[in-house]
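Text of the file input16.txt, holding compact mmCIF, C-alpha atoms:
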```
# COMPACT_ATOMS: atom_id res chain seq x y z
CA MET J 1 -6.15 19.94 -2.24
CA GLN J 2 -7.65 20.89 1.11
CA LEU J 3 -7.66 17.34 2.55
CA THR J 4 -3.97 16.83 1.85
CA ASP J 5 -3.15 20.23 3.34
CA GLU J 6 -5.22 19.56 6.45
CA LEU J 7 -3.64 16.14 7.00
CA ALA J 8 -0.16 17.65 6.64
CA ARG J 9 -1.17 20.39 9.08
CA LEU J 10 -2.53 17.78 11.53
CA PHE J 11 0.68 15.74 11.50
CA ALA J 12 2.81 18.88 11.86
CA ASN J 13 0.69 20.13 14.76
CA MET J 14 0.83 16.76 16.52
CA GLY J 15 4.59 16.60 16.09
CA GLN J 16 5.12 20.16 17.33
CA THR J 17 2.83 19.73 20.32
CA LEU J 18 4.46 16.44 21.32
CA ALA J 19 7.92 17.98 20.86
CA ARG J 20 6.99 20.93 23.09
CA ARG J 21 5.87 18.43 25.72
CA ALA J 22 8.77 16.00 25.18
CA HIS J 23 9.83 16.38 28.81
CA GLN J 24 6.56 14.65 29.70
CA GLY J 25 7.19 11.51 27.65
CA MET J 26 9.35 9.82 25.06
CA ASP J 27 10.34 11.21 21.70
CA HIS J 28 8.71 10.17 18.45
CA GLN J 29 11.57 7.95 17.25
CA ASP J 30 11.70 5.93 20.49
CA PHE J 31 7.92 5.62 20.54
CA SER J 32 7.72 4.52 16.89
CA THR J 33 10.51 1.99 17.37
CA LEU J 34 8.87 0.47 20.45
CA VAL J 35 5.53 0.31 18.64
CA ALA J 36 7.18 -1.46 15.69
CA VAL J 37 8.94 -4.02 17.90
CA SER J 38 5.83 -4.62 20.00
CA GLY J 39 3.76 -5.21 16.87
CA ALA J 40 6.31 -7.50 15.25
CA CYS J 41 6.53 -11.26 15.59
CA PRO J 42 5.87 -12.43 19.18
CA GLU J 43 9.18 -14.32 19.13
CA GLY J 44 10.99 -11.03 18.50
CA THR J 45 12.33 -9.20 15.49
CA ARG J 46 15.77 -8.89 13.96
CA LEU J 47 17.45 -5.51 13.70
CA SER J 48 17.54 -5.74 9.91
CA ASP J 49 13.80 -6.44 9.76
CA LEU J 50 13.08 -3.56 12.14
CA ALA J 51 15.20 -1.21 10.02
CA ALA J 52 13.28 -2.25 6.91
CA MET J 53 9.92 -1.77 8.68
CA ARG J 54 10.90 1.71 9.84
CA GLY J 55 12.57 2.73 6.56
CA PHE J 56 16.02 3.28 8.08
CA ASP J 57 19.39 1.84 7.20
CA THR J 58 20.70 -0.79 9.62
CA SER J 59 23.40 1.44 11.14
CA THR J 60 20.89 4.17 12.01
CA MET J 61 18.50 1.63 13.48
CA SER J 62 21.36 0.01 15.40
CA ARG J 63 22.09 3.29 17.21
CA ARG J 64 18.41 3.74 18.09
CA VAL J 65 18.13 0.15 19.33
CA SER J 66 21.34 0.45 21.38
CA HIS J 67 19.91 3.53 23.07
CA LEU J 68 16.64 1.73 23.85
CA CYS J 69 18.52 -1.31 25.20
CA GLU J 70 20.72 0.93 27.38
CA THR J 71 17.63 2.60 28.84
CA GLY J 72 16.05 -0.81 29.51
CA LEU J 73 13.12 -0.40 27.10
CA LEU J 74 14.29 -3.11 24.68
CA GLU J 75 16.01 -6.44 25.28
CA ARG J 76 18.03 -8.67 23.00
CA SER J 77 17.99 -12.46 22.95
CA PRO J 78 19.71 -15.02 20.72
CA ASP J 79 17.82 -16.00 17.58
CA PRO J 80 17.08 -19.73 17.91
CA GLN J 81 17.11 -20.02 14.09
CA ASP J 82 20.53 -18.38 13.73
CA GLY J 83 22.87 -18.27 16.70
CA ARG J 84 24.79 -15.35 15.17
CA ALA J 85 21.71 -13.09 15.14
CA GLN J 86 19.74 -11.51 17.95
CA LEU J 87 16.04 -10.86 18.36
CA LEU J 88 14.63 -7.68 19.86
CA HIS J 89 11.81 -7.66 22.40
CA VAL J 90 10.11 -4.88 24.33
CA SER J 91 11.06 -5.25 28.00
CA ASP J 92 8.60 -5.04 30.87
CA GLU J 93 9.84 -1.48 31.46
CA GLY J 94 9.38 -0.79 27.74
CA ARG J 95 5.79 -2.04 27.82
CA ARG J 96 5.09 0.21 30.82
CA ALA J 97 6.70 3.22 29.12
CA LEU J 98 4.85 2.49 25.87
CA ALA J 99 1.51 2.31 27.72
CA GLU J 100 2.26 5.62 29.46
CA GLU J 101 3.21 7.28 26.17
CA ARG J 102 0.09 6.01 24.44
CA ALA J 103 -1.99 7.38 27.33
CA ARG J 104 -0.19 10.75 27.06
CA ARG J 105 -0.98 10.92 23.36
CA VAL J 106 -4.61 9.96 23.96
CA ARG J 107 -4.86 12.73 26.58
CA LEU J 108 -3.53 15.24 24.05
CA ILE J 109 -6.20 14.28 21.51
CA THR J 110 -8.93 14.06 24.15
CA GLU J 111 -8.07 17.53 25.44
CA SER J 112 -8.04 18.90 21.89
CA LEU J 113 -11.51 17.49 21.25
CA GLY J 114 -12.87 18.72 24.58
CA GLU J 115 -15.38 21.16 23.10
CA TRP J 116 -16.47 18.94 20.23
CA THR J 117 -19.93 17.41 20.33
CA PRO J 118 -20.25 13.64 20.77
CA ASP J 119 -21.62 13.42 17.23
CA ASP J 120 -18.60 15.29 15.80
CA LYS J 121 -16.23 12.98 17.70
CA SER J 122 -18.05 9.91 16.42
CA GLU J 123 -17.96 11.20 12.86
CA LEU J 124 -14.23 11.90 13.10
CA ALA J 125 -13.59 8.40 14.48
CA ARG J 126 -15.71 6.84 11.71
CA LEU J 127 -13.89 8.75 8.97
CA LEU J 128 -10.42 8.08 10.41
CA SER J 129 -11.26 4.39 10.63
CA ARG J 130 -12.33 4.43 7.00
CA LEU J 131 -9.11 6.23 5.99
CA ASN J 132 -7.01 3.72 7.93
CA ASP J 133 -8.83 0.81 6.27
CA SER J 134 -8.14 2.32 2.85
CA LEU J 135 -4.46 2.87 3.64
CA GLU J 136 -4.05 -0.65 5.01
CA ASN J 137 -5.58 -2.09 1.84
CA ALA J 138 -3.60 0.13 -0.56
```
Represent the structure from my file as structure tokens, please.
Amino acid sequence: MQLTDELARLFANMGQTLARRAHQGMDHQDFSTLVAVSGACPEGTRLSDLAAMRGFDTSTMSRRVSHLCETGLLERSPDPQDGRAQLLHVSDEGRRALAEERARRVRLITESLGEWTPDDKSELARLLSRLNDSLENA
């Protein structure tokens, strides 16, 4: 099907372009992890819940989280419900880095759409919104 092929091509192209420009921002795994933690419960999220959200086993997620804590993008705090557990939060530095990475990704899309007409851009936004709504309700 053409739509499936074009979506796969879009995701591959985005990934390749971001990877080529990785020196300009954070990698996909760090970005996705920060997005997941920032969108989780305001009180913070447990490592096991984050791993489940991201579809990783806990040991893999633990390594990613340790890296993000070491770089100052994530912070850990005791879980008030269970003193043995810890909650993850995006640090102030992490929020700044996440905002910069989002802006970098927006610039990439904006530059790619530079020669599109305003009507074409609006139509793309409308259709992507509709697709997202359908996926969220699936």
- Computed gap from CA of Glu101 (chain J) to CA of Gly25 (chain J) is 6.0 Å
- Item | Distance in Å - CA of Arg46 (chain J) versus CA of Leu68 (chain J) |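 Interatomic distance here is 14.5 Å.
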Please report as JSON lines every residue of region 57-121 of chain J lying within 12 Å of region 3-15 of chain J, along with the nearest atom pair and their distance in Å (one decimal), using only C-alpha atoms.
```
{"residue": "J:Arg105", "atom": "CA", "partner": "J:Met14", "partner_atom": "CA", "distance": 9.2}
{"residue": "J:Val106", "atom": "CA", "partner": "J:Met14", "partner_atom": "CA", "distance": 11.5}
{"residue": "J:Leu108", "atom": "CA", "partner": "J:Met14", "partner_atom": "CA", "distance": 8.8}
{"residue": "J:Ile109", "atom": "CA", "partner": "J:Met14", "partner_atom": "CA", "distance": 9.0}
{"residue": "J:Ser112", "atom": "CA", "partner": "J:Met14", "partner_atom": "CA", "distance": 10.6}
```
- Please measure the separation of CA of Glu93 (chain J) and CA of Gln16 (chain J), giving the value in Å to one decimal. 26.3 Å
- Item | For Asp49 (chain J): contacts at 10 Å, all atoms listed in the file, fewer than 3 positions along chain excluded, given as a PyMOL selection string | chain J and resi 37+40+45-46+52-55+58+87
- Message: Counting all atoms listed in the file, which residue out of J:Arg130, J:Arg104, J:Lys121, J:His89 sits closest to Ala36 (chain J)?
- Response: J:His89
- Counting only C-alpha atoms, the residue of J:Gln29, J:Ser38, J:Asp82, J:Leu98 that sits nearest Arg63 (chain J):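 Residue with the minimum atom-to-atom distance to Arg63 (chain J): J:Gln29.
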- Long-range neighbours of Cys69 (chain J) as a ChimeraX atom specification, 9 Å cut-off, only C-alpha atoms, 6 positions minimum in chain: /J:75-76,91
All heavy atoms for region 38-49 of chain J, written as a compact mmCIF listing (two decimals), in the frame of the given file, could you do that?
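Contents of result_29.txt, as written:
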```txt
# COMPACT_ATOMS: atom_id res chain seq x y z
N SER J 38 6.94 -3.99 19.29
CA SER J 38 5.83 -4.62 20.00
C SER J 38 4.82 -5.23 19.05
O SER J 38 4.15 -6.21 19.39
CB SER J 38 5.15 -3.63 20.96
OG SER J 38 4.41 -2.67 20.24
N GLY J 39 4.71 -4.68 17.85
CA GLY J 39 3.76 -5.21 16.87
C GLY J 39 4.35 -6.26 15.96
O GLY J 39 3.64 -6.85 15.14
N ALA J 40 5.64 -6.52 16.10
CA ALA J 40 6.31 -7.50 15.25
C ALA J 40 6.01 -8.91 15.77
O ALA J 40 5.19 -9.10 16.66
CB ALA J 40 7.82 -7.24 15.24
N CYS J 41 6.69 -9.85 15.23
CA CYS J 41 6.53 -11.26 15.59
C CYS J 41 6.67 -11.45 17.10
O CYS J 41 7.58 -10.88 17.71
CB CYS J 41 7.60 -12.06 14.84
SG CYS J 41 7.57 -13.81 15.17
N PRO J 42 5.79 -12.22 17.73
CA PRO J 42 5.87 -12.43 19.18
C PRO J 42 7.21 -13.01 19.65
O PRO J 42 7.63 -12.79 20.77
CB PRO J 42 4.73 -13.40 19.49
CG PRO J 42 3.83 -13.36 18.30
CD PRO J 42 4.65 -12.91 17.13
N GLU J 43 7.88 -13.74 18.77
CA GLU J 43 9.18 -14.32 19.13
C GLU J 43 10.28 -13.27 19.12
O GLU J 43 11.39 -13.53 19.57
CB GLU J 43 9.56 -15.46 18.17
CG GLU J 43 8.68 -16.68 18.28
CD GLU J 43 7.34 -16.54 17.55
OE1 GLU J 43 7.29 -15.84 16.50
OE2 GLU J 43 6.35 -17.09 18.05
N GLY J 44 10.00 -12.09 18.59
CA GLY J 44 10.99 -11.03 18.50
C GLY J 44 11.27 -10.69 17.05
O GLY J 44 10.82 -11.38 16.13
N THR J 45 12.01 -9.63 16.85
CA THR J 45 12.33 -9.20 15.49
C THR J 45 13.81 -8.90 15.38
O THR J 45 14.44 -8.45 16.34
CB THR J 45 11.49 -7.97 15.08
OG1 THR J 45 11.69 -7.69 13.71
CG2 THR J 45 11.83 -6.74 15.91
N ARG J 46 14.36 -9.18 14.22
CA ARG J 46 15.77 -8.89 13.96
C ARG J 46 15.94 -7.40 13.67
O ARG J 46 15.04 -6.75 13.15
CB ARG J 46 16.27 -9.68 12.75
CG ARG J 46 16.45 -11.13 13.01
CD ARG J 46 16.95 -11.78 11.75
NE ARG J 46 17.39 -13.14 12.04
CZ ARG J 46 18.19 -13.82 11.26
NH1 ARG J 46 18.65 -13.29 10.14
NH2 ARG J 46 18.55 -15.04 11.58
N LEU J 47 17.12 -6.91 13.97
CA LEU J 47 17.45 -5.51 13.70
C LEU J 47 17.23 -5.16 12.23
O LEU J 47 16.65 -4.12 11.91
CB LEU J 47 18.89 -5.22 14.12
CG LEU J 47 19.40 -3.81 13.84
CD1 LEU J 47 18.66 -2.79 14.69
CD2 LEU J 47 20.89 -3.73 14.08
N SER J 48 17.67 -6.03 11.34
CA SER J 48 17.54 -5.74 9.91
C SER J 48 16.08 -5.65 9.49
O SER J 48 15.71 -4.79 8.68
CB SER J 48 18.27 -6.79 9.08
OG SER J 48 17.76 -8.08 9.37
N ASP J 49 15.23 -6.50 10.07
CA ASP J 49 13.80 -6.44 9.76
C ASP J 49 13.17 -5.17 10.33
O ASP J 49 12.33 -4.54 9.69
CB ASP J 49 13.08 -7.68 10.30
CG ASP J 49 13.51 -8.96 9.61
OD1 ASP J 49 13.97 -8.89 8.44
OD2 ASP J 49 13.41 -10.03 10.24
```
